[in-house]
$ cat final06.csv   # CSV, C-alpha atoms (C1' of nucleotides)
chain,number,residue,atom,x,y,z
A,16,MET,CA,-4.8,3.9,1.5
A,17,LEU,CA,-1.3,3.4,2.7
A,18,ARG,CA,-2.8,0.5,4.6
A,19,LEU,CA,-0.4,-2.2,5.8
A,20,SER,CA,-1.1,-5.8,4.7
A,21,LYS,CA,-3.4,-8.1,6.5
A,22,LYS,CA,-0.4,-10.4,7.4
A,23,ALA,CA,1.2,-7.5,9.2
A,24,ASP,CA,-2.1,-7.0,11.1
A,25,TYR,CA,-2.1,-10.6,12.1
A,26,ALA,CA,1.5,-10.5,13.1
A,27,LEU,CA,0.9,-7.5,15.4
A,28,ILE,CA,-2.0,-9.2,17.0
A,29,ALA,CA,-0.1,-12.4,17.6
A,30,MET,CA,3.0,-10.5,18.9
A,31,ARG,CA,0.8,-8.6,21.3
A,32,HIS,CA,-0.8,-11.8,22.5
A,33,LEU,CA,2.6,-13.4,23.1
A,34,ALA,CA,3.8,-10.3,24.9
A,35,GLY,CA,1.0,-10.8,27.4
A,36,ALA,CA,1.6,-14.5,27.8
A,37,ALA,CA,4.0,-16.0,30.3
A,38,ALA,CA,7.6,-15.5,29.3
A,39,ASP,CA,8.6,-19.1,29.4
A,40,SER,CA,5.4,-20.7,28.0
A,41,SER,CA,4.9,-21.6,24.4
A,42,VAL,CA,1.6,-20.9,22.8
A,43,SER,CA,0.6,-22.7,19.5
A,44,ALA,CA,-0.4,-21.0,16.3
A,45,ARG,CA,-3.8,-22.7,16.4
A,46,GLU,CA,-4.5,-21.3,19.8
A,47,ILE,CA,-3.9,-17.8,18.8
A,48,ALA,CA,-5.8,-18.2,15.6
A,49,GLU,CA,-8.9,-19.5,17.3
A,50,SER,CA,-8.7,-16.7,19.9
A,51,TYR,CA,-9.0,-14.0,17.3
A,52,GLY,CA,-10.9,-15.7,14.5
A,53,ILE,CA,-7.9,-15.7,12.1
A,54,PRO,CA,-7.3,-18.5,9.5
A,55,ALA,CA,-5.0,-20.9,11.3
A,56,GLU,CA,-2.8,-21.9,8.4
A,57,LEU,CA,-2.3,-18.3,7.3
A,58,LEU,CA,-1.3,-17.2,10.8
A,59,ALA,CA,1.2,-20.1,10.9
A,60,LYS,CA,2.8,-18.9,7.8
A,61,VAL,CA,3.1,-15.4,9.3
A,62,LEU,CA,4.6,-16.7,12.4
A,63,GLN,CA,7.1,-18.7,10.4
A,64,ARG,CA,8.4,-15.6,8.8
A,65,LEU,CA,8.7,-13.9,12.2
A,66,VAL,CA,10.9,-16.9,13.3
A,67,ARG,CA,13.1,-16.4,10.3
A,68,SER,CA,13.5,-12.8,11.2
A,69,ARG,CA,14.7,-13.7,14.7
A,70,LEU,CA,11.7,-12.0,16.3
A,71,LEU,CA,10.2,-15.3,17.6
A,72,VAL,CA,11.5,-18.7,18.5
A,73,SER,CA,9.6,-21.9,17.7
A,74,VAL,CA,9.5,-25.1,19.7
A,75,GLN,CA,8.3,-28.2,17.9
A,76,GLY,CA,6.6,-31.3,19.2
A,77,THR,CA,3.3,-32.1,20.8
A,78,ARG,CA,3.3,-29.2,23.3
A,79,GLY,CA,5.2,-26.9,20.9
A,80,GLY,CA,4.4,-23.4,19.9
A,81,TYR,CA,6.0,-19.9,19.6
A,82,ARG,CA,7.7,-17.7,22.1
A,83,LEU,CA,9.0,-14.2,22.0
A,84,ALA,CA,12.7,-13.9,21.2
A,85,GLY,CA,13.4,-10.9,23.3
A,86,ASP,CA,12.0,-8.4,25.8
A,87,ALA,CA,8.6,-7.0,24.8
A,88,ARG,CA,9.8,-3.6,25.8
A,89,LEU,CA,12.6,-3.6,23.3
A,90,LEU,CA,10.6,-5.0,20.3
A,91,THR,CA,8.8,-2.4,18.3
A,92,VAL,CA,6.1,-2.5,15.8
A,93,ALA,CA,8.6,-1.3,13.2
A,94,ASP,CA,10.5,-4.5,13.7
A,95,VAL,CA,7.3,-6.6,13.1
A,96,ILE,CA,6.2,-4.7,10.1
A,97,GLN,CA,9.6,-4.8,8.4
A,98,ALA,CA,9.8,-8.5,9.1
A,99,ILE,CA,6.5,-9.2,7.4
A,100,ASP,CA,6.2,-6.7,4.6
A,101,GLY,CA,9.9,-6.1,4.0
A,102,PRO,CA,11.7,-2.8,4.5
A,103,VAL,CA,9.4,0.2,4.6
A,104,ALA,CA,9.7,2.2,1.3
A,105,VAL,CA,7.4,5.0,0.3
A,106,THR,CA,8.8,5.2,-3.1
A,107,ALA,CA,9.5,2.4,-5.6
A,108,CYS,CA,13.2,3.2,-5.8
A,109,SER,CA,15.7,4.2,-3.1
A,110,PRO,CA,18.1,7.1,-3.4
A,111,ASP,CA,20.9,4.6,-3.9
A,112,ASP,CA,19.1,2.1,-6.0
A,113,HIS,CA,18.8,3.2,-9.6
A,114,GLY,CA,16.2,0.6,-10.3
A,115,CYS,CA,13.5,3.1,-11.1
A,116,GLU,CA,12.9,4.0,-14.7
A,117,GLN,CA,12.8,7.7,-14.6
A,118,TYR,CA,15.6,8.0,-12.0
A,119,ASP,CA,17.4,11.1,-13.2
A,120,ARG,CA,14.2,13.1,-14.0
A,121,CYS,CA,12.5,12.3,-10.7
A,122,GLU,CA,12.9,15.2,-8.2
A,123,ILE,CA,10.5,14.1,-5.5
A,124,ARG,CA,12.5,11.1,-4.3
A,125,ASP,CA,14.8,12.7,-1.8
A,126,PRO,CA,12.1,14.7,0.1
A,127,LEU,CA,9.9,11.6,0.2
A,128,TRP,CA,12.7,9.7,1.8
A,129,LYS,CA,12.9,12.2,4.6
A,130,ILE,CA,9.2,11.6,5.1
A,131,LYS,CA,9.8,7.8,5.1
A,132,SER,CA,12.3,8.3,7.9
A,133,ARG,CA,9.8,10.1,10.0
A,134,ILE,CA,7.3,7.3,9.4
A,135,VAL,CA,9.6,4.6,10.6
A,136,ASP,CA,10.5,6.7,13.6
A,137,ALA,CA,6.8,6.9,14.4
A,138,LEU,CA,6.6,3.1,14.1
A,139,ALA,CA,9.7,2.5,16.1
A,140,THR,CA,8.7,4.5,19.1
A,141,VAL,CA,5.9,2.1,20.0
A,142,SER,CA,7.1,-1.1,21.7
A,143,LEU,CA,5.1,-4.3,22.0
A,144,ALA,CA,4.8,-3.6,25.7
A,145,GLU,CA,3.1,-0.4,25.0
A,146,LEU,CA,0.7,-2.2,22.8
A,147,ALA,CA,-0.2,-4.6,25.6
A,148,GLU,CA,-0.4,-1.8,28.1
A,149,PRO,CA,-1.9,1.4,26.7
A,150,ALA,CA,-1.1,3.2,29.9
A,151,PRO,CA,2.6,2.5,30.5
A,152,ALA,CA,3.9,2.7,34.0
A,153,PRO,CA,6.5,5.5,34.6
A,154,GLY,CA,10.1,4.4,34.3
A,155,THR,CA,9.7,2.0,31.4
A,156,PRO,CA,12.8,1.8,29.3
A,157,VAL,CA,12.8,3.6,26.0
A,158,ALA,CA,12.2,1.3,23.0
A,159,VAL,CA,15.1,1.1,20.6
A,160,PRO,CA,14.4,-0.6,17.3
A,161,MET,CA,16.3,-3.7,16.5
A,162,TYR,CA,17.9,-2.6,13.3
A,163,VAL,CA,19.5,0.3,15.1
A,164,ARG,CA,20.9,-1.8,17.9
A,165,GLY,CA,22.5,-4.1,15.4
A,166,ALA,CA,21.5,-7.0,17.6
A,167,ALA,CA,20.3,-9.1,14.7
A,168,PRO,CA,23.3,-10.8,13.1
A,169,ALA,CA,22.4,-9.5,9.6
A,170,PRO,CA,19.8,-12.0,8.5
A,171,PRO,CA,21.3,-13.4,5.3
A,172,GLN,CA,18.1,-14.6,3.6
A,173,VAL,CA,15.9,-12.2,1.8
A,174,VAL,CA,12.6,-11.7,3.6
A,175,GLU,CA,11.0,-10.8,0.3
B,18,MET,CA,6.1,-2.3,1.9
B,19,LEU,CA,3.7,0.4,3.0
B,20,ARG,CA,4.5,1.9,-0.4
B,21,LEU,CA,2.0,4.4,-1.8
B,22,SER,CA,0.4,3.7,-5.1
B,23,LYS,CA,2.0,4.6,-8.5
B,24,LYS,CA,-0.8,7.0,-9.2
B,25,ALA,CA,0.1,8.9,-6.0
B,26,ASP,CA,3.7,9.0,-7.2
B,27,TYR,CA,2.7,10.5,-10.6
B,28,ALA,CA,0.4,12.9,-8.8
B,29,LEU,CA,3.2,14.2,-6.7
B,30,ILE,CA,5.5,14.5,-9.7
B,31,ALA,CA,2.9,16.5,-11.6
B,32,MET,CA,2.1,18.7,-8.7
B,33,ARG,CA,5.7,19.5,-8.1
B,34,HIS,CA,6.1,20.3,-11.8
B,35,LEU,CA,3.0,22.6,-11.7
B,36,ALA,CA,4.4,24.3,-8.6
B,37,GLY,CA,7.5,25.2,-10.5
B,38,ALA,CA,5.7,26.5,-13.5
B,39,ALA,CA,4.4,30.0,-13.9
B,40,ALA,CA,1.4,30.7,-11.8
B,41,ASP,CA,-0.9,31.8,-14.6
B,42,SER,CA,0.2,29.4,-17.3
B,43,SER,CA,-1.6,26.1,-18.1
B,44,VAL,CA,0.5,23.1,-18.8
B,45,SER,CA,-1.1,20.1,-20.6
B,46,ALA,CA,-1.1,16.5,-19.3
B,47,ARG,CA,0.8,15.3,-22.4
B,48,GLU,CA,3.6,17.8,-21.8
B,49,ILE,CA,4.1,16.6,-18.2
B,50,ALA,CA,3.8,12.9,-19.2
B,51,GLU,CA,6.5,13.2,-21.9
B,52,SER,CA,8.8,15.2,-19.6
B,53,TYR,CA,8.9,12.4,-17.0
B,54,GLY,CA,8.3,9.3,-19.2
B,55,ILE,CA,4.8,8.6,-17.7
B,56,PRO,CA,2.0,7.0,-19.7
B,57,ALA,CA,0.0,10.0,-20.9
B,58,GLU,CA,-3.5,8.6,-20.5
B,59,LEU,CA,-2.8,7.4,-17.0
B,60,LEU,CA,-1.5,10.7,-15.9
B,61,ALA,CA,-4.5,12.4,-17.3
B,62,LYS,CA,-6.7,10.2,-15.3
B,63,VAL,CA,-4.8,11.1,-12.2
B,64,LEU,CA,-5.0,14.8,-12.9
B,65,GLN,CA,-8.7,14.5,-13.4
B,66,ARG,CA,-9.1,13.1,-9.9
B,67,LEU,CA,-7.0,16.0,-8.5
B,68,VAL,CA,-9.4,18.4,-10.2
B,69,ARG,CA,-12.4,16.7,-8.6
B,70,SER,CA,-10.6,17.1,-5.3
B,71,ARG,CA,-10.3,20.9,-5.8
B,72,LEU,CA,-6.5,20.7,-5.9
B,73,LEU,CA,-6.2,21.6,-9.5
B,74,VAL,CA,-8.2,23.6,-12.0
B,75,SER,CA,-8.5,22.4,-15.7
B,76,VAL,CA,-8.9,24.7,-18.6
B,77,GLN,CA,-10.1,23.0,-21.8
B,78,GLY,CA,-9.5,23.9,-25.4
B,79,THR,CA,-6.6,24.0,-27.8
B,80,ARG,CA,-4.1,25.7,-25.5
B,81,GLY,CA,-5.7,24.1,-22.4
B,82,GLY,CA,-4.1,22.3,-19.5
B,83,TYR,CA,-3.9,22.2,-15.7
B,84,ARG,CA,-3.1,24.8,-13.2
B,85,LEU,CA,-2.6,24.7,-9.4
B,86,ALA,CA,-5.7,25.6,-7.5
B,87,GLY,CA,-4.0,27.4,-4.6
B,88,ASP,CA,-0.7,28.5,-3.2
B,89,ALA,CA,2.1,25.9,-3.5
B,90,ARG,CA,3.2,26.8,0.1
B,91,LEU,CA,-0.2,25.8,1.5
B,92,LEU,CA,-0.8,22.6,-0.4
B,93,THR,CA,0.8,19.6,1.3
B,94,VAL,CA,1.7,16.1,0.1
B,95,ALA,CA,-0.9,14.8,2.5
B,96,ASP,CA,-3.6,16.6,0.5
B,97,VAL,CA,-2.3,15.0,-2.7
B,98,ILE,CA,-2.1,11.5,-1.3
B,99,GLN,CA,-5.5,11.6,0.3
B,100,ALA,CA,-7.0,12.9,-2.9
B,101,ILE,CA,-5.6,10.0,-4.9
B,102,ASP,CA,-5.5,7.0,-2.6
B,103,GLY,CA,-8.4,8.1,-0.3
B,104,PRO,CA,-8.1,8.8,3.4
B,105,VAL,CA,-5.0,7.4,5.0
B,106,ALA,CA,-5.8,4.3,7.1
B,107,VAL,CA,-3.3,2.0,8.6
B,108,THR,CA,-5.8,-0.5,9.8
B,109,ALA,CA,-8.8,-2.0,7.9
B,110,CYS,CA,-11.3,-0.6,10.4
B,111,SER,CA,-11.5,2.7,12.2
B,112,PRO,CA,-12.1,3.0,15.9
B,113,ASP,CA,-15.6,4.2,15.2
B,114,ASP,CA,-16.4,2.0,12.2
B,115,HIS,CA,-17.2,-1.5,13.4
B,116,GLY,CA,-16.8,-2.9,9.9
B,117,CYS,CA,-14.0,-5.2,10.9
B,118,GLU,CA,-14.8,-8.8,11.6
B,119,GLN,CA,-12.9,-9.3,14.9
B,120,TYR,CA,-13.7,-5.9,16.2
B,121,ASP,CA,-14.2,-6.6,19.9
B,122,ARG,CA,-11.3,-9.0,20.2
B,123,CYS,CA,-8.8,-6.7,18.4
B,124,GLU,CA,-6.7,-4.8,20.9
B,125,ILE,CA,-4.2,-3.2,18.6
B,126,ARG,CA,-6.6,-0.9,16.9
B,127,ASP,CA,-6.3,2.1,19.1
B,128,PRO,CA,-2.5,2.3,19.4
B,129,LEU,CA,-2.2,1.9,15.7
B,130,TRP,CA,-4.5,4.8,15.1
B,131,LYS,CA,-2.2,7.0,17.2
B,132,ILE,CA,0.6,5.9,14.9
B,133,LYS,CA,-1.6,6.8,11.9
B,134,SER,CA,-2.0,10.3,13.2
B,135,ARG,CA,1.7,10.7,13.5
B,136,ILE,CA,2.1,9.5,9.9
B,137,VAL,CA,-0.4,12.0,8.5
B,138,ASP,CA,1.3,14.7,10.5
B,139,ALA,CA,4.6,13.8,8.8
B,140,LEU,CA,2.9,14.0,5.5
B,141,ALA,CA,1.2,17.3,6.2
B,142,THR,CA,4.3,19.2,7.3
B,143,VAL,CA,5.8,19.0,3.8
B,144,SER,CA,4.3,21.5,1.4
B,145,LEU,CA,4.6,21.4,-2.4
B,146,ALA,CA,6.9,24.5,-2.2
B,147,GLU,CA,9.3,22.5,-0.1
B,148,LEU,CA,9.2,19.7,-2.6
B,149,ALA,CA,10.2,22.1,-5.3
B,150,GLU,CA,12.9,23.8,-3.2
B,151,PRO,CA,14.7,21.4,-0.9
B,152,ALA,CA,16.3,24.3,0.9
B,153,PRO,CA,13.5,26.7,1.8
B,154,ALA,CA,14.2,30.3,2.4
B,155,PRO,CA,13.6,31.5,6.0
B,156,GLY,CA,10.3,33.1,6.7
B,157,THR,CA,8.2,30.8,4.5
B,158,PRO,CA,4.7,30.4,5.9
B,159,VAL,CA,4.0,27.2,7.7
B,160,ALA,CA,2.0,24.6,5.7
B,161,VAL,CA,-1.4,23.9,7.0
B,162,PRO,CA,-3.2,20.9,5.4
B,163,MET,CA,-6.4,21.6,3.6
B,164,TYR,CA,-8.6,19.2,5.6
B,165,VAL,CA,-7.7,21.2,8.7
B,166,ARG,CA,-8.4,24.6,7.3
B,167,GLY,CA,-11.8,23.4,6.0
B,168,ALA,CA,-11.2,25.5,2.9
B,169,ALA,CA,-12.5,22.7,0.6
B,170,PRO,CA,-16.3,23.1,0.5
B,171,ALA,CA,-16.9,19.5,1.4
B,172,PRO,CA,-16.4,17.6,-1.9
B,173,PRO,CA,-19.7,15.7,-2.2
B,174,GLN,CA,-18.6,12.9,-4.4
B,175,VAL,CA,-16.7,9.9,-3.0
B,176,VAL,CA,-13.2,9.9,-4.2
B,177,GLU,CA,-13.1,6.1,-3.9
C,20,DC,C1',-19.9,31.2,-38.9
C,21,DC,C1',-17.9,26.7,-39.7
C,22,DT,C1',-14.1,23.6,-39.6
C,23,DT,C1',-10.3,21.7,-37.3
C,24,DA,C1',-7.4,20.2,-33.9
C,25,DA,C1',-6.1,19.6,-29.4
C,26,DT,C1',-7.6,18.8,-24.9
C,27,DC,C1',-10.2,16.8,-21.0
C,28,DC,C1',-13.2,13.0,-19.4
C,29,DG,C1',-15.5,8.3,-18.2
C,30,DA,C1',-15.7,3.3,-18.8
C,31,DC,C1',-13.3,-1.0,-20.1
C,32,DT,C1',-9.7,-4.8,-20.2
C,33,DT,C1',-5.5,-7.0,-18.5
C,34,DG,C1',-1.5,-8.5,-15.4
C,35,DC,C1',0.1,-9.1,-10.9
C,36,DC,C1',0.4,-9.4,-6.0
C,37,DG,C1',-1.7,-10.6,-1.8
C,38,DA,C1',-5.0,-13.8,0.7
C,39,DG,C1',-6.0,-18.2,1.6
C,40,DT,C1',-5.2,-23.5,1.2
C,41,DC,C1',-2.9,-28.0,1.0
C,42,DG,C1',0.3,-31.9,1.7
C,43,DG,C1',5.1,-33.1,3.8
C,44,DA,C1',8.8,-33.3,7.7
C,45,DC,C1',9.9,-33.2,12.3
C,46,DA,C1',9.9,-33.7,17.3
C,47,DT,C1',7.7,-35.1,21.5
C,48,DC,C1',4.6,-38.0,24.4
C,49,DG,C1',2.4,-42.4,25.7
D,22,DC,C1',8.1,-48.1,18.8
D,23,DG,C1',3.6,-46.0,17.2
D,24,DA,C1',0.7,-42.1,17.2
D,25,DT,C1',-0.3,-37.4,17.7
D,26,DG,C1',0.2,-32.8,17.1
D,27,DT,C1',3.1,-29.3,15.7
D,28,DC,C1',5.9,-26.5,12.4
D,29,DC,C1',7.3,-25.8,7.6
D,30,DG,C1',7.5,-24.9,2.3
D,31,DA,C1',5.1,-24.8,-2.2
D,32,DC,C1',0.8,-24.2,-4.8
D,33,DT,C1',-3.8,-22.1,-6.4
D,34,DC,C1',-7.3,-18.5,-6.6
D,35,DG,C1',-9.5,-13.9,-6.3
D,36,DG,C1',-9.4,-8.6,-6.1
D,37,DC,C1',-7.4,-4.5,-7.1
D,38,DA,C1',-4.3,-1.6,-9.2
D,39,DA,C1',-2.0,-0.4,-13.7
D,40,DG,C1',-2.7,0.6,-18.1
D,41,DT,C1',-5.7,1.4,-22.5
D,42,DC,C1',-9.4,2.9,-25.5
D,43,DG,C1',-13.1,5.7,-27.6
D,44,DG,C1',-16.4,9.8,-26.8
D,45,DA,C1',-17.6,14.7,-25.3
D,46,DT,C1',-16.2,19.4,-24.9
D,47,DT,C1',-13.8,23.5,-25.8
D,48,DA,C1',-11.1,27.1,-28.0
D,49,DA,C1',-8.5,28.8,-31.8
D,50,DG,C1',-8.0,29.6,-37.0
D,51,DG,C1',-9.8,30.4,-41.7

$ encode --input "final06.csv" --output "structure tokens"
Amino acid sequence: MLRLSKKADYALIAMRHLAGAAADSSVSAREIAESYGIPAELLAKVLQRLVRSRLLVSVQGTRGGYRLAGDARLLTVADVIQAIDGPVAVTACSPDDHGCEQYDRCEIRDPLWKIKSRIVDALATVSLAELAEPAPAPGTPVAVPMYVRGAAPAPPQVVE
Amino acid sequence: MLRLSKKADYALIAMRHLAGAAADSSVSAREIAESYGIPAELLAKVLQRLVRSRLLVSVQGTRGGYRLAGDARLLTVADVIQAIDGPVAVTACSPDDHGCEQYDRCEIRDPLWKIKSRIVDALATVSLAELAEPAPAPGTPVAVPMYVRGAAPAPPQVVE
DNA sequence: CCTTAATCCGACTTGCCGAGTCGGACATCG
DNA sequence: CGATGTCCGACTCGGCAAGTCGGATTAAGG
């Protein structure tokens, strides 16, 4: 298992599609959905959540659609997954959050959190540009995940 | 998300407990369950599956219980997780298995599988001995996951 | 040798979260 | 100003994990 949700799959497909599109053009949710055989309404819901996470910008109206919020080389798959499925957490409880029932008796929490850090690193080192181009040209800037740069102004609402 | 199942959590807790116990003593499922506040019957089911995966050995009878099948320094958390939740798979379909619906149109499958490899590497580099002792003594042998060593004699039954 | 007690083992039932769907609000174009 | 096509939030349904129960097996004690 350890499989990521289908919504995250759809989100990555859509983001990759947008990364390959023209920078100033807006592509509608229906267009993406029909291109990949994804339920249109479900994909729309996914894209909405990406907008609320400041990864996409939406333009309404007849010729509306979605557009990437930033440079494809700076957006990572870790950003996308965390926007959809919430913060990555291997364990039910964090080292700081005592929400877990058997908190004091649990001894595997701390080592597992080190593993979690390595997983998010693995996710953060792959940018959307690398997704679009499996063979990256030399000299491409190194991807830095958004939550490290602090560029996002602390999204106040809970993503869920 | 990306959280591993509760059964895997219980499995890791139990395996760590067994790694800290005496090598030749058998500890019962009920004993472990009561030590950590885990539903006894559920933990028993988890341990059964670990036995079928050749990670534990069970001794029945009045003073029965479970015992580790091998050296704690050679068993990794990747072995435990794969025994419980099945093989780790980030995507629904593998590069070889065409079971996915939008197989040909999907372009994110291959890069995601590279990420998957890095995740299993992160899981495989942590042994049960390291779980028990957060500060390992120098000179401890490097953990090599079981599925690489080929030590397991090809468990015939499907784990699920 | 038989009884007893404790364990392991497989199949079943239930609750919950994700997958998918529907109607409303908005902005743009003719 | 009307119509069209888009984005947006709330609702319903199914599948799978979490948890539970009785039966089979084994070893110890009298």

$ interface_residues --input "final06.csv" --of "chain B" --to "chain D" --cutoff "12 Å" --atoms "only C-alpha atoms (C1' of nucleotides)" --output "VMD selection string"
chain B and resid 21 to 25 55 to 63 75 to 82 102

$ residues_around --input "final06.csv" --residues "Leu17 in chain A" --least-positions-apart "4" --cutoff "10 Å" --atoms "only C-alpha atoms (C1' of nucleotides)" --output "list in words"
Val105 of chain A; Met18, Leu19, Arg20, Leu21, Ser22, Ile98, Gln99, Asp102, Gly103, Pro104, Val105, Ala106, Val107, Thr108 and Lys133 of chain B

$ atom_distance --input "final06.csv" --atom1 "C1' of DA24 in chain C" --atom2 "CA of Arg84 in chain B"
21.6 Å

$ residues_near_point --input "final06.csv" --point "(-3.3, 24.5, -13.5)" --cutoff "7 Å" --atoms "all atoms listed in the file" --output "PyMOL selection string"
chain B and resi 35+43-44+73-75+82-86

$ interface_residues --input "final06.csv" --of "chain B" --to "chain A" --cutoff "10 Å" --atoms "all atoms listed in the file" --output "JSON, numbers by chain"
{"B": [18, 19, 20, 21, 22, 23, 25, 26, 27, 29, 30, 33, 34, 52, 53, 54, 55, 94, 98, 99, 101, 102, 103, 104, 105, 106, 107, 108, 109, 118, 119, 120, 121, 122, 123, 124, 125, 126, 127, 128, 129, 131, 132, 133, 134, 135, 136, 137, 138, 139, 140, 141, 142, 143, 145, 147, 148, 149, 150, 151]}

$ write_last_selection --input "final06.csv" --atoms "C-alpha atoms" --output "tab-separated table (two decimals), keeping the file's coordinate frame"
chain	number	residue	atom	x	y	z
B	18	MET	CA	6.10	-2.30	1.90
B	19	LEU	CA	3.70	0.40	3.00
B	20	ARG	CA	4.50	1.90	-0.40
B	21	LEU	CA	2.00	4.40	-1.80
B	22	SER	CA	0.40	3.70	-5.10
B	23	LYS	CA	2.00	4.60	-8.50
B	25	ALA	CA	0.10	8.90	-6.00
B	26	ASP	CA	3.70	9.00	-7.20
B	27	TYR	CA	2.70	10.50	-10.60
B	29	LEU	CA	3.20	14.20	-6.70
B	30	ILE	CA	5.50	14.50	-9.70
B	33	ARG	CA	5.70	19.50	-8.10
B	34	HIS	CA	6.10	20.30	-11.80
B	52	SER	CA	8.80	15.20	-19.60
B	53	TYR	CA	8.90	12.40	-17.00
B	54	GLY	CA	8.30	9.30	-19.20
B	55	ILE	CA	4.80	8.60	-17.70
B	94	VAL	CA	1.70	16.10	0.10
B	98	ILE	CA	-2.10	11.50	-1.30
B	99	GLN	CA	-5.50	11.60	0.30
B	101	ILE	CA	-5.60	10.00	-4.90
B	102	ASP	CA	-5.50	7.00	-2.60
B	103	GLY	CA	-8.40	8.10	-0.30
B	104	PRO	CA	-8.10	8.80	3.40
B	105	VAL	CA	-5.00	7.40	5.00
B	106	ALA	CA	-5.80	4.30	7.10
B	107	VAL	CA	-3.30	2.00	8.60
B	108	THR	CA	-5.80	-0.50	9.80
B	109	ALA	CA	-8.80	-2.00	7.90
B	118	GLU	CA	-14.80	-8.80	11.60
B	119	GLN	CA	-12.90	-9.30	14.90
B	120	TYR	CA	-13.70	-5.90	16.20
B	121	ASP	CA	-14.20	-6.60	19.90
B	122	ARG	CA	-11.30	-9.00	20.20
B	123	CYS	CA	-8.80	-6.70	18.40
B	124	GLU	CA	-6.70	-4.80	20.90
B	125	ILE	CA	-4.20	-3.20	18.60
B	126	ARG	CA	-6.60	-0.90	16.90
B	127	ASP	CA	-6.30	2.10	19.10
B	128	PRO	CA	-2.50	2.30	19.40
B	129	LEU	CA	-2.20	1.90	15.70
B	131	LYS	CA	-2.20	7.00	17.20
B	132	ILE	CA	0.60	5.90	14.90
B	133	LYS	CA	-1.60	6.80	11.90
B	134	SER	CA	-2.00	10.30	13.20
B	135	ARG	CA	1.70	10.70	13.50
B	136	ILE	CA	2.10	9.50	9.90
B	137	VAL	CA	-0.40	12.00	8.50
B	138	ASP	CA	1.30	14.70	10.50
B	139	ALA	CA	4.60	13.80	8.80
B	140	LEU	CA	2.90	14.00	5.50
B	141	ALA	CA	1.20	17.30	6.20
B	142	THR	CA	4.30	19.20	7.30
B	143	VAL	CA	5.80	19.00	3.80
B	145	LEU	CA	4.60	21.40	-2.40
B	147	GLU	CA	9.30	22.50	-0.10
B	148	LEU	CA	9.20	19.70	-2.60
B	149	ALA	CA	10.20	22.10	-5.30
B	150	GLU	CA	12.90	23.80	-3.20
B	151	PRO	CA	14.70	21.40	-0.90

$ atom_distance --input "final06.csv" --atom1 "CA of Ala29 in chain A" --atom2 "CA of Ala144 in chain A"
12.9 Å

$ interface_residues --input "final06.csv" --of "chain C" --to "chain A" --cutoff "8 Å" --atoms "all atoms listed in the file" --output "list in words"
DG39, DT40, DC45, DA46, DT47 and DC48 of chain C

$ atom_distance --input "final06.csv" --atom1 "CA of Val66 in chain A" --atom2 "CA of Ala48 in chain A"
16.9 Å
